[in-house]
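Worksheet for the structure shown next.
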Amino acid sequence: MSGSWHGGAAAVVTLTFDVDAETPILAQGGRYARHASTMSHQSYGPDVGLPRILDLLDATEVPATFFVPGWVAERRPGLAASIVERGHEVAHHSYAHRPPTSMGPEEERADFLRALEVFAGQGIEITGFRAALWEASWLTTELVAEYGLRYDSSLMGDDRPYRVGTGSGEIVELPVHWSLDDWEQYAYLPAPDIGSVIESPRKVLELWRAELDGMREYGCLFNLCAHPFLSGRPGRVLALRSFIEYARECGDVSFARCRDVAEAASADPETRLRPHEPPRVDPDVHPD
C-alpha cells in the first residue's frame with residue numbers, strides 16, 4: 001500500500017480472528033471451569049478451528065490478524081508463534097478477556113500489561129490491541145499509545161481507519177461493527193448466555209457480501225471479526241472461503257493484516273483525526 005491507506009483498492013478486507021478459547025466464559029465466572037461440555041465447546045477453537053482456518057488462509061494466500069488473549073497464549077505455549085510462522089499477525093486481546101468497562105483504571109492497566117509480558121516472553125511482536133467484547137473504556141486508547149502500540153480495533157466511529165489523539169500521542173483506529181462479527185451470527189450456549197441464535201452460513205455469507213459491496217462503493221475498511229470456536233466449524237469455514245473467493249472475483253478488493261493497514265493509514269495525510277472524549281452528562285437528565 002502506498003499513497004493512500006487503501007492503495008487504490010475500492011475496499012480493503014482485514015480478516016481478523018479472536019482466539020478466545022475458554023476466556024470469554026471464565027471471565028463470567030470461574031465456576032464454569034467445572035462445565036466440561038462448555039469448556040470443550042471453547043477449546044474447539046484453538047484445537048480444531050484454528051488449524052482449519054490457518055489451512056484455509058494458506059490455500060487462498062490471504063494474510064490475517066489473530067487477536068489472542070494473554071491467558072490463551074500463556075496456557076498454549078507455541079500457539080502465537082505458530083500463527084506468526086504462517087505469515088500472519090498476532091495482536092493483543094487483553095489478558096483474561098475481561099472488558100475494560102468492567103474494570104477500574106488500575107485493573108485495566110494491570111490486565112493490559114500482563115498480556116504484554118506474556119507476548120514479550122514468547123518473542124511475539126505486538127503492534128495492535130482489541131478490547132474484549134469491544135467494550136473499550138476511555139482509558140483504553142491511552143494505554144495503547146502509552147505502551148507503544150500503533151493501533152486499536154475496538155471502536156465504531158467510522159468505516160475507514162481514523163486517527164485517535166491521546167495524551168501519549170496519536171494511534172490509528174481500525175473500526176469494527178456488529179454486522180461484521182460472527183459472534184452475532186453463530187454464538188450459542190445454554191449457560192452462560194453468550195447468544196441465542198444460530199444462523200445459516202449461507203445467510204451470513206449473503207450479509208457479508210452485501211456489506212462488502214457497500215464498502216466497495218464508499219471506499220471502506222471491511223474489518224471482519226471471526227472466532228475459531230464459531231467460524232472454525234465446517235460449514236462456516238466453507239462460507240468464509242466463499243467470501244474470500246467472492247472478494248477476489250470483484251477485482252478491486254485487497255486483503256491485508258491490521259498492522260499493515262494501520263501503518264498505511266498513519267502515513268496517509270488524509271486519514272482523519274476524530275474526536276474521542278466522553279460526552280458531557282447532566283445528572284438530572286442522565287441518572288446512573
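How things are named: the first chain in the C-alpha cells is A, the next is B, and so on; residues count from 1 in each chain; ligands count from 1 in the order shown.
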
Closest atom pairs, region 80-152 of chain A residues within 12 Å of region 42-50 of chain A, only C-alpha atoms, as a tab-separated table:
residue	atom	partner	partner_atom	distance
A:Ala80	CA	A:Pro46	CA	10.5
A:Ser82	CA	A:Leu50	CA	10.5
A:Ile83	CA	A:Leu50	CA	9.2

Requested write-out: all heavy atoms of the selected residues, as a PDB file, in the first residue's frame:
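Dumped everything to selection26.pdb:
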ATOM      1  N   ALA A  80       0.866 -18.778  19.626  1.00  0.00           N
ATOM      2  CA  ALA A  80       1.099 -17.487  18.974  1.00  0.00           C
ATOM      3  C   ALA A  80       2.208 -17.594  17.932  1.00  0.00           C
ATOM      4  O   ALA A  80       2.091 -17.078  16.811  1.00  0.00           O
ATOM      5  CB  ALA A  80       1.430 -16.424  20.018  1.00  0.00           C
ATOM      6  N   SER A  82       3.096 -20.166  16.256  1.00  0.00           N
ATOM      7  CA  SER A  82       2.649 -20.948  15.097  1.00  0.00           C
ATOM      8  C   SER A  82       1.851 -20.098  14.117  1.00  0.00           C
ATOM      9  O   SER A  82       1.857 -20.357  12.906  1.00  0.00           O
ATOM     10  CB  SER A  82       1.811 -22.150  15.560  1.00  0.00           C
ATOM     11  OG  SER A  82       0.530 -21.749  16.039  1.00  0.00           O
ATOM     12  N   ILE A  83       1.164 -19.089  14.630  1.00  0.00           N
ATOM     13  CA  ILE A  83       0.418 -18.166  13.770  1.00  0.00           C
ATOM     14  C   ILE A  83       1.380 -17.267  13.004  1.00  0.00           C
ATOM     15  O   ILE A  83       1.253 -17.075  11.789  1.00  0.00           O
ATOM     16  CB  ILE A  83      -0.558 -17.333  14.626  1.00  0.00           C
ATOM     17  CG1 ILE A  83      -1.664 -18.237  15.200  1.00  0.00           C
ATOM     18  CG2 ILE A  83      -1.157 -16.194  13.806  1.00  0.00           C
ATOM     19  CD1 ILE A  83      -2.528 -17.558  16.251  1.00  0.00           C
TER      20      ILE A  83
END

* To do: Might you pull out every residue within 8 Å of region 123-130 of chain A, with only C-alpha atoms counted and same-chain residues fewer than 6 positions away left off, and present them as a ChimeraX atom specification?
  => /A:67,80-81,90-94,116,144,148-154,258-259

* Write out as JSON, numbers by chain which residues come within 12 Å of Met215 (chain A) when counting only C-alpha atoms, dropping same-chain ones fewer than 2 positions away. => {"A": [6, 9, 10, 11, 12, 13, 158, 159, 160, 180, 208, 209, 210, 211, 212, 213, 217, 218, 219, 220, 221, 222, 223, 247, 252, 253]}

* Compare A:Asp111, A:Ala191, A:Val261, A:Arg75 by their minimum atom-to-atom distance to Ser37 (chain A), counting only C-alpha atoms, and give me the closest one. =>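 Ranked by minimum distance to Ser37 (chain A), first place goes to A:Ala191.
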
* Asked: Which residues come within 9 Å of Thr271 (chain A), counting only C-alpha atoms, excluding same-chain residues fewer than 3 positions away, as a list in words?
  ->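 Contacts, with the query itself left out: Ser4, Trp5, Arg160, Pro161, Tyr162, Arg163, Val172, Ala265, Ser266, Ala267 and Asp268 of chain A.
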
Go ahead and save the picked residues with N, CA, C and O atoms, as a JSON list (two decimals), in the first residue's frame.
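Just written: part30.json:
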[["chain", "number", "residue", "atom", "x", "y", "z"],
["A", 4, "SER", "N", -2.34, 6.42, -0.53],
["A", 4, "SER", "CA", -3.48, 6.39, 0.36],
["A", 4, "SER", "C", -3.49, 5.07, 1.13],
["A", 4, "SER", "O", -2.86, 4.09, 0.74],
["A", 5, "TRP", "N", -4.23, 5.04, 2.24],
["A", 5, "TRP", "CA", -4.23, 3.86, 3.11],
["A", 5, "TRP", "C", -4.75, 2.62, 2.39],
["A", 5, "TRP", "O", -4.36, 1.51, 2.71],
["A", 160, "ARG", "N", -13.85, 3.67, 7.96],
["A", 160, "ARG", "CA", -12.50, 3.78, 7.43],
["A", 160, "ARG", "C", -11.54, 3.97, 8.61],
["A", 160, "ARG", "O", -11.97, 4.42, 9.68],
["A", 161, "PRO", "N", -10.27, 3.67, 8.44],
["A", 161, "PRO", "CA", -9.32, 3.95, 9.53],
["A", 161, "PRO", "C", -9.33, 5.43, 9.88],
["A", 161, "PRO", "O", -9.49, 6.29, 9.00],
["A", 162, "TYR", "N", -9.16, 5.73, 11.16],
["A", 162, "TYR", "CA", -9.07, 7.12, 11.57],
["A", 162, "TYR", "C", -8.08, 7.26, 12.71],
["A", 162, "TYR", "O", -7.68, 6.28, 13.33],
["A", 163, "ARG", "N", -7.67, 8.49, 12.95],
["A", 163, "ARG", "CA", -6.69, 8.77, 14.00],
["A", 163, "ARG", "C", -7.42, 9.09, 15.30],
["A", 163, "ARG", "O", -8.48, 9.73, 15.30],
["A", 172, "VAL", "N", -3.83, 4.82, 15.43],
["A", 172, "VAL", "CA", -4.81, 4.60, 14.37],
["A", 172, "VAL", "C", -5.90, 3.69, 14.90],
["A", 172, "VAL", "O", -5.62, 2.69, 15.58],
["A", 265, "ALA", "N", -2.38, 3.81, 7.01],
["A", 265, "ALA", "CA", -3.28, 4.89, 7.42],
["A", 265, "ALA", "C", -2.52, 5.96, 8.19],
["A", 265, "ALA", "O", -2.80, 7.16, 8.05],
["A", 266, "SER", "N", -1.53, 5.55, 8.98],
["A", 266, "SER", "CA", -0.72, 6.51, 9.73],
["A", 266, "SER", "C", 0.08, 7.40, 8.80],
["A", 266, "SER", "O", 0.29, 8.59, 9.07],
["A", 267, "ALA", "N", 0.51, 6.85, 7.67],
["A", 267, "ALA", "CA", 1.31, 7.61, 6.71],
["A", 267, "ALA", "C", 0.45, 8.43, 5.74],
["A", 267, "ALA", "O", 0.99, 9.26, 5.00],
["A", 268, "ASP", "N", -0.84, 8.20, 5.74],
["A", 268, "ASP", "CA", -1.75, 8.86, 4.80],
["A", 268, "ASP", "C", -2.24, 10.17, 5.41],
["A", 268, "ASP", "O", -2.97, 10.16, 6.41]]

* Near-Tyr32 (chain A) list (12 Å; only C-alpha atoms; drop same-chain fewer than 2 positions) as a PyMOL selection string -> chain A and resi 22-30+34-42+189-193
